[in-house]
Amino acid sequence: MKYILFEQSAAEEIVTKVELQSFEYELSKLFVAFIREEKDNFKMKGIIADKQRNGIIFAGPGLHKKIMVIDLEQCRILEDANDTELLLILQKLLRFSIRYWNQQSFTSAENIVNDKAVIFPFPYSQKKAYRIAIAREPHCQRLQTRGISFALLAYKYNDKGAPKGIEIPDIGVYQKAGETYLNQIHDYKKHFELYSSPSQHESHNTNPMHLVEAKTLSPDLAFSYMTLAQQRVRLTDSQKKVVDSEDITAPIRVEGPAGTGKTVSLIMRAAVLLANAREKNLPFKVVFFAHSKTTEASIKLIFDSSTNGQWENDENQSIEITTLQEYCANYINLNETQIIDGDAYEAKQYQLLIIQDIYTKISAQYYKTYRPHLSEELKNVLDNEDPSRVVSLLQHEFSIQIKGYSAEDFDVYKNLSALSNGLPVITEDDKTYVYKLFTEYQSYLRRESVFDTDDVVLEAISRFRGPLWKREREQNGYDYIFVDEMHLFNVNEQQIFHYLTKKINQESIPICFALDYSQAIGDRGDISNNYIEREFPAGSVISQEYSTVFRSSQQIAELCASITASGAALFNAFINPYKSALSGFTAREDSFCRHPKLYMYNSDREMLSSLKSHIDDMIKTFQCNPNEIAVIMFGPGEIDADLISENSGHPVIELISKNNVAENTKEKSCIVLSTPENINGLEFKGVILVGVDEGRVPVTSQNDISENFMRFKALNQLYLACSRARFQVRILGNLSRGVSSCLNYSLGNGTLVK
């Protein structure tokens, strides 16, 4: 085969077809197989895919005389690119061609040089220097005489760099392809006339789907609220493997970065399993665990919308959507007043305040006595660090090391290695002092007659191990378990799930869970021996990785991949979820997108004053309501909601906790103000990060240990904040403080620009 020719309206159809944006879709695989001549035909509504003797022609109903030809004898993409790369190259070529034909501005990866153009098709994360050389309007009198104009010829694909001399590509194949297309136009026209007639239109629906203005884009969350049948036809192959897996005994582990559709896949699988059980008239009981009440409410809404509420009162096939804390509290008959807070996230925030009080009290009474016996590393932190950051480190130590890995047993705790980016509790004396703080914390909870999340879970586990639950298990246990955001549950919480199944002596657990370690704020220590990796390692369960990001643009996916790559380079425990950063956006969605940009201002006052122009520009660009724009605050709380509202010119809804997210984000006239911790699980058309500069991100520390923890946490927060955006990310900072060192890697590789 010598060429591939794309006519303008066919190109427009291909770049707007969702199922042709990622090789995870079956249609994309058929498309690539047809181009590689592994399939004899390719069918897609709205275009003709015509295999000629020497090449392939893609024509749309417009039958324009603007064409893009790939000369396969000179541009050897079939030999030098794999299937995924080939799809990406074709999409990039077609998008450039459409911009060229429509005289639109080009992207940073598209360069015009004299009568040529050069495209760099691969995102930064793939670290490939390949480029495609394109001749603009190659001189061919015979084609020009017959009306061909603004033609493009792709004639080179390599990673050798720019040529030293003037390149003159051979146009023989280009001329042959163009003439073949022109000779076939009459037949193509008859085909489209036949299938666009009223009698044929209903069954074939071949009306073209041309590029449209960005303002006609459908709502972001439309997919989540479609019916189950509508959702299934839009799934990628990776998602289908999870949703439609017939194995209901083996664990399924779903991994991928933010915005790849993990949660929706779990919800759809739950609906499919219930539907299958109903069809077979079999009892089937499902439990679906969310980490917070906010995500619980969101999951319930999506599930009910996609299933039309058909399992609301069904006793034979049922689903219970809940948080783990709520489930355990109900089982051990605790009410909300007996728990630090009814929501797991809020409980952990309140826990910080308690630890702070205890740390202040114990330090004043006992620190001088213990200090001579402590390691230099721990003394350095306790002597020089801001108390609020010591408290954050202590909370982490209590949760991960003492309650998680030690089960509150000092003899176990004293033999644990210190967290690499946590509190430097090295010697037995160090651990004795920290354990004293912990026991005082536990005493406080007893005096107040309240329990924290770990207490609730540990008590539930002890009862699940007892004879009563073993007797009740077959009746009250579950046939299938779902866990969203497994990475947010600590080691205590993770251990409870295998007690909830019907069968006691089972070889594997019928569980499906979603996982993205990089969204868990703070170092979790060595995860190789935690419950997930011990019980459900990727090589021993059904493991499905998602790579295509559907929430965010290619540019934002690249920035997020750069942030997580930076974290993984600095910290062994920082998990980078991106094998590659590929977005599933169509060309229509691309029209909204801008490169993530850093704006540095001379003062906080100037930075805040700029908010109005940033927000108004996004609202105008997206043609959206203010509540589809989020402002995410970093650093100490010196900038509050009143300041943001005053400077932005818009009323503000402040997400002071995860409990108030679901209702407050419905206020369409208000922009959303949040911290990185409270923004998890949400998405917005545009996101503005405020206060991202050195000293605030990461927070300045007096010693290396705490600094590492704060940097680790800052990278988590940046990833969380940026991955909430669909189309644009803007980062604002104070020039007098300096550019945040957490952004240096992204600025250096161009995924973030100033």
# chains A, B, ... in the order shown; residues from 1 in each chain; ligands from 1
call {"tool": "select_by_dssp", "arguments": {"residues": "range 585-655 of chain A", "states": "strand (DSSP E)", "output": "list in words"}}
result
Lys597, Leu598, Tyr599, Met600, Tyr601, Ile629, Ala630, Val631, Ile632, Met633, Val652, Ile653 and Glu654 of chain A
call {"tool": "write_last_selection", "arguments": {"atoms": "C-alpha atoms", "output": "CSV table (one decimal), in the first residue's frame"}}
result
chain,number,residue,atom,x,y,z
A,597,LYS,CA,0.0,28.1,32.7
A,598,LEU,CA,1.8,29.5,35.8
A,599,TYR,CA,1.1,33.2,36.6
A,600,MET,CA,3.5,34.9,39.1
A,601,TYR,CA,2.5,38.2,40.6
A,629,ILE,CA,-15.0,26.8,37.9
A,630,ALA,CA,-13.1,25.9,41.1
A,631,VAL,CA,-10.6,28.0,43.0
A,632,ILE,CA,-8.3,25.8,45.1
A,633,MET,CA,-6.4,27.4,47.9
A,652,VAL,CA,-18.4,31.9,46.6
A,653,ILE,CA,-19.4,28.6,47.9
A,654,GLU,CA,-16.7,27.3,50.3
call {"tool": "residues_around", "arguments": {"residues": "Gln717 in chain A", "least_positions_apart": "3", "cutoff": "6 Å", "atoms": "only C-alpha atoms", "output": "VMD selection string"}}
result
chain A and resid 676 714 720
call {"tool": "select_by_dssp", "arguments": {"residues": "range 340-491 of chain A", "states": "helix (DSSP H, G or I)", "output": "PyMOL selection string"}}
result
chain A and resi 344-373+376-384+387-405+410-413+428-447+453-464+467-476+486-488+491
call {"tool": "closest_residue", "arguments": {"among": "A:Ile171, A:Ile509, A:Ile504, A:Ala250", "to": "Gln141 in chain A", "atoms": "only C-alpha atoms"}}
result
A:Ile171
call {"tool": "atom_distance", "arguments": {"atom1": "CA of Ile339 in chain A", "atom2": "CA of Ala407 in chain A"}}
result
19.5 Å
call {"tool": "closest_atom_pairs", "arguments": {"of": "range 112-133 of chain A", "to": "range 99-106 of chain A", "cutoff": "12 Å", "atoms": "only C-alpha atoms", "output": "Markdown table"}}
result
| residue | atom | partner | partner_atom | distance |
| --- | --- | --- | --- | --- |
| A:Ile112 | CA | A:Phe106 | CA | 8.9 |
| A:Lys116 | CA | A:Tyr100 | CA | 11.9 |
| A:Ala117 | CA | A:Tyr100 | CA | 10.1 |
| A:Val118 | CA | A:Phe106 | CA | 11.1 |
| A:Ile119 | CA | A:Phe106 | CA | 10.1 |
call {"tool": "closest_residue", "arguments": {"among": "A:Leu743, A:Ala587, A:Ile252, A:Val491", "to": "Ser406 in chain A", "atoms": "only C-alpha atoms"}}
result
A:Val491
call {"tool": "closest_residue", "arguments": {"among": "A:Ser603, A:Thr323, A:Asn627, A:Asn335", "to": "Gly738 in chain A", "atoms": "only C-alpha atoms"}}
result
A:Ser603
call {"tool": "closest_residue", "arguments": {"among": "A:Glu474, A:Leu445, A:Ser547, A:Val412", "to": "Lys431 in chain A", "atoms": "only C-alpha atoms"}}
result
A:Val412
call {"tool": "residues_around", "arguments": {"residues": "Arg605 in chain A", "least_positions_apart": "6", "cutoff": "12 Å", "atoms": "only C-alpha atoms", "output": "ChimeraX atom specification"}}
result
/A:611,638-639,643-644,646-647,690-691,732-736
call {"tool": "write_last_selection", "arguments": {"atoms": "N, CA and C atoms", "output": "PDB file, in the first residue's frame"}}
result
ATOM      1  N   LEU A 611      -7.871  37.359  39.894  1.00  0.00           N
ATOM      2  CA  LEU A 611      -8.844  36.269  39.859  1.00  0.00           C
ATOM      3  C   LEU A 611     -10.042  36.586  38.966  1.00  0.00           C
ATOM      4  N   GLU A 638      -4.484  32.148  55.282  1.00  0.00           N
ATOM      5  CA  GLU A 638      -4.419  33.605  55.338  1.00  0.00           C
ATOM      6  C   GLU A 638      -5.303  34.256  54.278  1.00  0.00           C
ATOM      7  N   ILE A 639      -5.731  33.468  53.276  1.00  0.00           N
ATOM      8  CA  ILE A 639      -6.629  33.970  52.237  1.00  0.00           C
ATOM      9  C   ILE A 639      -7.955  33.240  52.407  1.00  0.00           C
ATOM     10  N   LEU A 643     -12.179  37.238  50.911  1.00  0.00           N
ATOM     11  CA  LEU A 643     -11.187  37.843  50.017  1.00  0.00           C
ATOM     12  C   LEU A 643     -11.354  37.341  48.591  1.00  0.00           C
ATOM     13  N   ILE A 644     -11.600  36.044  48.451  1.00  0.00           N
ATOM     14  CA  ILE A 644     -11.781  35.469  47.119  1.00  0.00           C
ATOM     15  C   ILE A 644     -13.021  36.060  46.451  1.00  0.00           C
ATOM     16  N   GLU A 646     -14.527  38.925  47.119  1.00  0.00           N
ATOM     17  CA  GLU A 646     -14.315  40.356  46.872  1.00  0.00           C
ATOM     18  C   GLU A 646     -13.488  40.582  45.612  1.00  0.00           C
ATOM     19  N   ASN A 647     -12.457  39.772  45.419  1.00  0.00           N
ATOM     20  CA  ASN A 647     -11.557  39.974  44.289  1.00  0.00           C
ATOM     21  C   ASN A 647     -12.033  39.330  42.995  1.00  0.00           C
ATOM     22  N   VAL A 690      -4.477  28.735  43.681  1.00  0.00           N
ATOM     23  CA  VAL A 690      -4.044  30.022  44.225  1.00  0.00           C
ATOM     24  C   VAL A 690      -3.067  29.807  45.385  1.00  0.00           C
ATOM     25  N   GLY A 691      -1.957  30.555  45.357  1.00  0.00           N
ATOM     26  CA  GLY A 691      -0.980  30.466  46.441  1.00  0.00           C
ATOM     27  C   GLY A 691       0.024  29.352  46.257  1.00  0.00           C
ATOM     28  N   LEU A 732      -1.533  30.219  40.175  1.00  0.00           N
ATOM     29  CA  LEU A 732      -1.164  31.574  40.557  1.00  0.00           C
ATOM     30  C   LEU A 732      -0.244  31.548  41.771  1.00  0.00           C
ATOM     31  N   GLY A 733       0.813  32.384  41.735  1.00  0.00           N
ATOM     32  CA  GLY A 733       1.752  32.443  42.845  1.00  0.00           C
ATOM     33  C   GLY A 733       2.270  33.848  43.070  1.00  0.00           C
ATOM     34  N   ASN A 734       3.028  34.007  44.167  1.00  0.00           N
ATOM     35  CA  ASN A 734       3.597  35.294  44.561  1.00  0.00           C
ATOM     36  C   ASN A 734       5.074  35.304  44.192  1.00  0.00           C
ATOM     37  N   LEU A 735       5.461  36.241  43.327  1.00  0.00           N
ATOM     38  CA  LEU A 735       6.829  36.301  42.819  1.00  0.00           C
ATOM     39  C   LEU A 735       7.836  36.552  43.935  1.00  0.00           C
ATOM     40  N   SER A 736       7.434  37.305  44.959  1.00  0.00           N
ATOM     41  CA  SER A 736       8.369  37.596  46.047  1.00  0.00           C
ATOM     42  C   SER A 736       8.724  36.344  46.840  1.00  0.00           C
TER      43      SER A 736
END
call {"tool": "residues_around", "arguments": {"residues": "Ser417 in chain A", "least_positions_apart": "2", "cutoff": "12 Å", "atoms": "only C-alpha atoms", "output": "PyMOL selection string"}}
result
chain A and resi 397+400-402+405-406+412-415+419-428+430-431+525-526
call {"tool": "write_last_selection", "arguments": {"atoms": "C-alpha atoms", "output": "mmCIF file, in the first residue's frame"}}
result
data_model
loop_
_atom_site.group_PDB
_atom_site.id
_atom_site.type_symbol
_atom_site.label_atom_id
_atom_site.label_comp_id
_atom_site.auth_asym_id
_atom_site.auth_seq_id
_atom_site.Cartn_x
_atom_site.Cartn_y
_atom_site.Cartn_z
ATOM 1 C CA GLU A 397 2.525 7.829 62.784
ATOM 2 C CA ILE A 400 -0.012 4.007 59.784
ATOM 3 C CA GLN A 401 2.592 2.674 62.194
ATOM 4 C CA ILE A 402 0.942 2.212 65.587
ATOM 5 C CA TYR A 405 1.166 -2.043 61.226
ATOM 6 C CA SER A 406 1.409 -2.647 65.000
ATOM 7 C CA VAL A 412 5.597 -4.833 67.492
ATOM 8 C CA TYR A 413 5.886 -1.065 67.074
ATOM 9 C CA LYS A 414 9.378 -0.813 68.570
ATOM 10 C CA ASN A 415 10.716 -3.188 65.895
ATOM 11 C CA LEU A 419 8.597 5.796 57.629
ATOM 12 C CA SER A 420 11.034 7.134 55.050
ATOM 13 C CA ASN A 421 9.180 10.435 54.744
ATOM 14 C CA GLY A 422 7.488 10.484 58.131
ATOM 15 C CA LEU A 423 8.438 11.182 61.717
ATOM 16 C CA PRO A 424 12.045 9.990 62.342
ATOM 17 C CA VAL A 425 11.166 7.584 65.158
ATOM 18 C CA ILE A 426 14.346 5.541 65.063
ATOM 19 C CA THR A 427 15.363 4.241 68.479
ATOM 20 C CA GLU A 428 13.332 2.409 71.100
ATOM 21 C CA ASP A 430 12.002 7.541 70.366
ATOM 22 C CA LYS A 431 9.162 5.080 70.115
ATOM 23 C CA GLY A 525 5.346 3.928 54.037
ATOM 24 C CA ASP A 526 6.350 0.600 52.495
#
call {"tool": "decode", "arguments": {"residues": "range 327-370 of chain A", "atoms": "N, CA and C atoms", "output": "PDB file, in the first residue's frame"}}
result
ATOM      1  N   TYR A 327     -20.935   1.693  58.071  1.00  0.00           N
ATOM      2  CA  TYR A 327     -21.288   0.269  58.107  1.00  0.00           C
ATOM      3  C   TYR A 327     -20.818  -0.370  59.418  1.00  0.00           C
ATOM      4  N   CYS A 328     -19.555  -0.095  59.781  1.00  0.00           N
ATOM      5  CA  CYS A 328     -19.008  -0.700  60.999  1.00  0.00           C
ATOM      6  C   CYS A 328     -19.713  -0.169  62.250  1.00  0.00           C
ATOM      7  N   ALA A 329     -19.993   1.142  62.258  1.00  0.00           N
ATOM      8  CA  ALA A 329     -20.676   1.730  63.412  1.00  0.00           C
ATOM      9  C   ALA A 329     -22.058   1.119  63.603  1.00  0.00           C
ATOM     10  N   ASN A 330     -22.758   0.905  62.514  1.00  0.00           N
ATOM     11  CA  ASN A 330     -24.084   0.275  62.603  1.00  0.00           C
ATOM     12  C   ASN A 330     -23.979  -1.149  63.125  1.00  0.00           C
ATOM     13  N   TYR A 331     -22.949  -1.863  62.682  1.00  0.00           N
ATOM     14  CA  TYR A 331     -22.809  -3.259  63.094  1.00  0.00           C
ATOM     15  C   TYR A 331     -22.527  -3.378  64.589  1.00  0.00           C
ATOM     16  N   ILE A 332     -21.721  -2.456  65.126  1.00  0.00           N
ATOM     17  CA  ILE A 332     -21.393  -2.549  66.557  1.00  0.00           C
ATOM     18  C   ILE A 332     -22.305  -1.649  67.401  1.00  0.00           C
ATOM     19  N   ASN A 333     -23.381  -1.144  66.754  1.00  0.00           N
ATOM     20  CA  ASN A 333     -24.422  -0.362  67.443  1.00  0.00           C
ATOM     21  C   ASN A 333     -23.894   0.932  68.073  1.00  0.00           C
ATOM     22  N   LEU A 334     -23.065   1.651  67.312  1.00  0.00           N
ATOM     23  CA  LEU A 334     -22.612   2.973  67.728  1.00  0.00           C
ATOM     24  C   LEU A 334     -23.408   4.014  66.957  1.00  0.00           C
ATOM     25  N   ASN A 335     -23.825   5.075  67.630  1.00  0.00           N
ATOM     26  CA  ASN A 335     -24.447   6.166  66.896  1.00  0.00           C
ATOM     27  C   ASN A 335     -23.404   7.249  66.619  1.00  0.00           C
ATOM     28  N   GLU A 336     -23.771   8.241  65.811  1.00  0.00           N
ATOM     29  CA  GLU A 336     -22.801   9.248  65.375  1.00  0.00           C
ATOM     30  C   GLU A 336     -22.224  10.042  66.526  1.00  0.00           C
ATOM     31  N   THR A 337     -22.980  10.224  67.595  1.00  0.00           N
ATOM     32  CA  THR A 337     -22.476  11.015  68.722  1.00  0.00           C
ATOM     33  C   THR A 337     -21.345  10.308  69.459  1.00  0.00           C
ATOM     34  N   GLN A 338     -21.196   9.014  69.221  1.00  0.00           N
ATOM     35  CA  GLN A 338     -20.132   8.255  69.881  1.00  0.00           C
ATOM     36  C   GLN A 338     -18.859   8.179  69.048  1.00  0.00           C
ATOM     37  N   ILE A 339     -18.877   8.805  67.876  1.00  0.00           N
ATOM     38  CA  ILE A 339     -17.714   8.807  66.990  1.00  0.00           C
ATOM     39  C   ILE A 339     -17.231  10.243  66.847  1.00  0.00           C
ATOM     40  N   ILE A 340     -15.934  10.415  66.705  1.00  0.00           N
ATOM     41  CA  ILE A 340     -15.379  11.765  66.567  1.00  0.00           C
ATOM     42  C   ILE A 340     -16.169  12.563  65.548  1.00  0.00           C
ATOM     43  N   ASP A 341     -16.475  11.961  64.413  1.00  0.00           N
ATOM     44  CA  ASP A 341     -17.325  12.588  63.397  1.00  0.00           C
ATOM     45  C   ASP A 341     -17.942  11.488  62.561  1.00  0.00           C
ATOM     46  N   GLY A 342     -19.157  11.731  62.095  1.00  0.00           N
ATOM     47  CA  GLY A 342     -19.858  10.711  61.319  1.00  0.00           C
ATOM     48  C   GLY A 342     -19.229  10.420  59.973  1.00  0.00           C
ATOM     49  N   ASP A 343     -18.437  11.359  59.466  1.00  0.00           N
ATOM     50  CA  ASP A 343     -17.775  11.159  58.179  1.00  0.00           C
ATOM     51  C   ASP A 343     -16.303  10.836  58.429  1.00  0.00           C
ATOM     52  N   ALA A 344     -15.773   9.832  57.732  1.00  0.00           N
ATOM     53  CA  ALA A 344     -14.397   9.385  57.975  1.00  0.00           C
ATOM     54  C   ALA A 344     -13.392  10.505  57.749  1.00  0.00           C
ATOM     55  N   TYR A 345     -13.600  11.288  56.708  1.00  0.00           N
ATOM     56  CA  TYR A 345     -12.658  12.375  56.424  1.00  0.00           C
ATOM     57  C   TYR A 345     -12.702  13.422  57.531  1.00  0.00           C
ATOM     58  N   GLU A 346     -13.909  13.825  57.914  1.00  0.00           N
ATOM     59  CA  GLU A 346     -14.042  14.849  58.949  1.00  0.00           C
ATOM     60  C   GLU A 346     -13.507  14.340  60.289  1.00  0.00           C
ATOM     61  N   ALA A 347     -13.665  13.051  60.544  1.00  0.00           N
ATOM     62  CA  ALA A 347     -13.135  12.469  61.782  1.00  0.00           C
ATOM     63  C   ALA A 347     -11.623  12.641  61.842  1.00  0.00           C
ATOM     64  N   LYS A 348     -10.975  12.493  60.700  1.00  0.00           N
ATOM     65  CA  LYS A 348      -9.512  12.617  60.679  1.00  0.00           C
ATOM     66  C   LYS A 348      -9.079  14.074  60.839  1.00  0.00           C
ATOM     67  N   GLN A 349      -9.913  15.015  60.398  1.00  0.00           N
ATOM     68  CA  GLN A 349      -9.592  16.424  60.615  1.00  0.00           C
ATOM     69  C   GLN A 349      -9.732  16.785  62.091  1.00  0.00           C
ATOM     70  N   TYR A 350     -10.776  16.280  62.721  1.00  0.00           N
ATOM     71  CA  TYR A 350     -10.969  16.542  64.145  1.00  0.00           C
ATOM     72  C   TYR A 350      -9.879  15.862  64.968  1.00  0.00           C
ATOM     73  N   GLN A 351      -9.445  14.716  64.499  1.00  0.00           N
ATOM     74  CA  GLN A 351      -8.374  13.987  65.171  1.00  0.00           C
ATOM     75  C   GLN A 351      -7.111  14.849  65.277  1.00  0.00           C
ATOM     76  N   LEU A 352      -6.830  15.639  64.260  1.00  0.00           N
ATOM     77  CA  LEU A 352      -5.670  16.531  64.285  1.00  0.00           C
ATOM     78  C   LEU A 352      -5.740  17.515  65.453  1.00  0.00           C
ATOM     79  N   LEU A 353      -6.929  18.055  65.671  1.00  0.00           N
ATOM     80  CA  LEU A 353      -7.092  19.022  66.752  1.00  0.00           C
ATOM     81  C   LEU A 353      -6.843  18.375  68.110  1.00  0.00           C
ATOM     82  N   ILE A 354      -7.318  17.151  68.278  1.00  0.00           N
ATOM     83  CA  ILE A 354      -7.116  16.438  69.545  1.00  0.00           C
ATOM     84  C   ILE A 354      -5.629  16.171  69.770  1.00  0.00           C
ATOM     85  N   ILE A 355      -4.964  15.698  68.716  1.00  0.00           N
ATOM     86  CA  ILE A 355      -3.530  15.394  68.842  1.00  0.00           C
ATOM     87  C   ILE A 355      -2.742  16.664  69.164  1.00  0.00           C
ATOM     88  N   GLN A 356      -3.151  17.774  68.567  1.00  0.00           N
ATOM     89  CA  GLN A 356      -2.460  19.035  68.839  1.00  0.00           C
ATOM     90  C   GLN A 356      -2.553  19.407  70.326  1.00  0.00           C
ATOM     91  N   ASP A 357      -3.739  19.253  70.910  1.00  0.00           N
ATOM     92  CA  ASP A 357      -3.901  19.552  72.336  1.00  0.00           C
ATOM     93  C   ASP A 357      -3.031  18.638  73.198  1.00  0.00           C
ATOM     94  N   ILE A 358      -3.010  17.369  72.833  1.00  0.00           N
ATOM     95  CA  ILE A 358      -2.238  16.390  73.614  1.00  0.00           C
ATOM     96  C   ILE A 358      -0.742  16.646  73.473  1.00  0.00           C
ATOM     97  N   TYR A 359      -0.309  16.949  72.274  1.00  0.00           N
ATOM     98  CA  TYR A 359       1.117  17.218  72.034  1.00  0.00           C
ATOM     99  C   TYR A 359       1.577  18.423  72.855  1.00  0.00           C
ATOM    100  N   THR A 360       0.765  19.476  72.870  1.00  0.00           N
ATOM    101  CA  THR A 360       1.107  20.665  73.651  1.00  0.00           C
ATOM    102  C   THR A 360       1.224  20.327  75.138  1.00  0.00           C
ATOM    103  N   LYS A 361       0.274  19.545  75.643  1.00  0.00           N
ATOM    104  CA  LYS A 361       0.244  19.190  77.064  1.00  0.00           C
ATOM    105  C   LYS A 361       1.425  18.291  77.451  1.00  0.00           C
ATOM    106  N   ILE A 362       1.642  17.223  76.700  1.00  0.00           N
ATOM    107  CA  ILE A 362       2.695  16.252  77.039  1.00  0.00           C
ATOM    108  C   ILE A 362       4.073  16.869  76.868  1.00  0.00           C
ATOM    109  N   SER A 363       4.236  17.686  75.834  1.00  0.00           N
ATOM    110  CA  SER A 363       5.540  18.333  75.616  1.00  0.00           C
ATOM    111  C   SER A 363       5.911  19.203  76.805  1.00  0.00           C
ATOM    112  N   ALA A 364       4.930  19.952  77.294  1.00  0.00           N
ATOM    113  CA  ALA A 364       5.200  20.838  78.430  1.00  0.00           C
ATOM    114  C   ALA A 364       5.560  20.051  79.688  1.00  0.00           C
ATOM    115  N   GLN A 365       4.965  18.884  79.867  1.00  0.00           N
ATOM    116  CA  GLN A 365       5.159  18.127  81.107  1.00  0.00           C
ATOM    117  C   GLN A 365       6.371  17.192  81.063  1.00  0.00           C
ATOM    118  N   TYR A 366       6.622  16.549  79.909  1.00  0.00           N
ATOM    119  CA  TYR A 366       7.573  15.430  79.899  1.00  0.00           C
ATOM    120  C   TYR A 366       8.728  15.567  78.904  1.00  0.00           C
ATOM    121  N   TYR A 367       8.648  16.512  77.969  1.00  0.00           N
ATOM    122  CA  TYR A 367       9.659  16.522  76.902  1.00  0.00           C
ATOM    123  C   TYR A 367      11.073  16.705  77.451  1.00  0.00           C
ATOM    124  N   LYS A 368      11.257  17.586  78.440  1.00  0.00           N
ATOM    125  CA  LYS A 368      12.603  17.805  78.981  1.00  0.00           C
ATOM    126  C   LYS A 368      13.180  16.532  79.584  1.00  0.00           C
ATOM    127  N   THR A 369      12.317  15.712  80.158  1.00  0.00           N
ATOM    128  CA  THR A 369      12.770  14.452  80.755  1.00  0.00           C
ATOM    129  C   THR A 369      13.196  13.452  79.689  1.00  0.00           C
ATOM    130  N   TYR A 370      12.429  13.361  78.625  1.00  0.00           N
ATOM    131  CA  TYR A 370      12.709  12.381  77.576  1.00  0.00           C
ATOM    132  C   TYR A 370      13.804  12.851  76.606  1.00  0.00           C
TER     133      TYR A 370
END
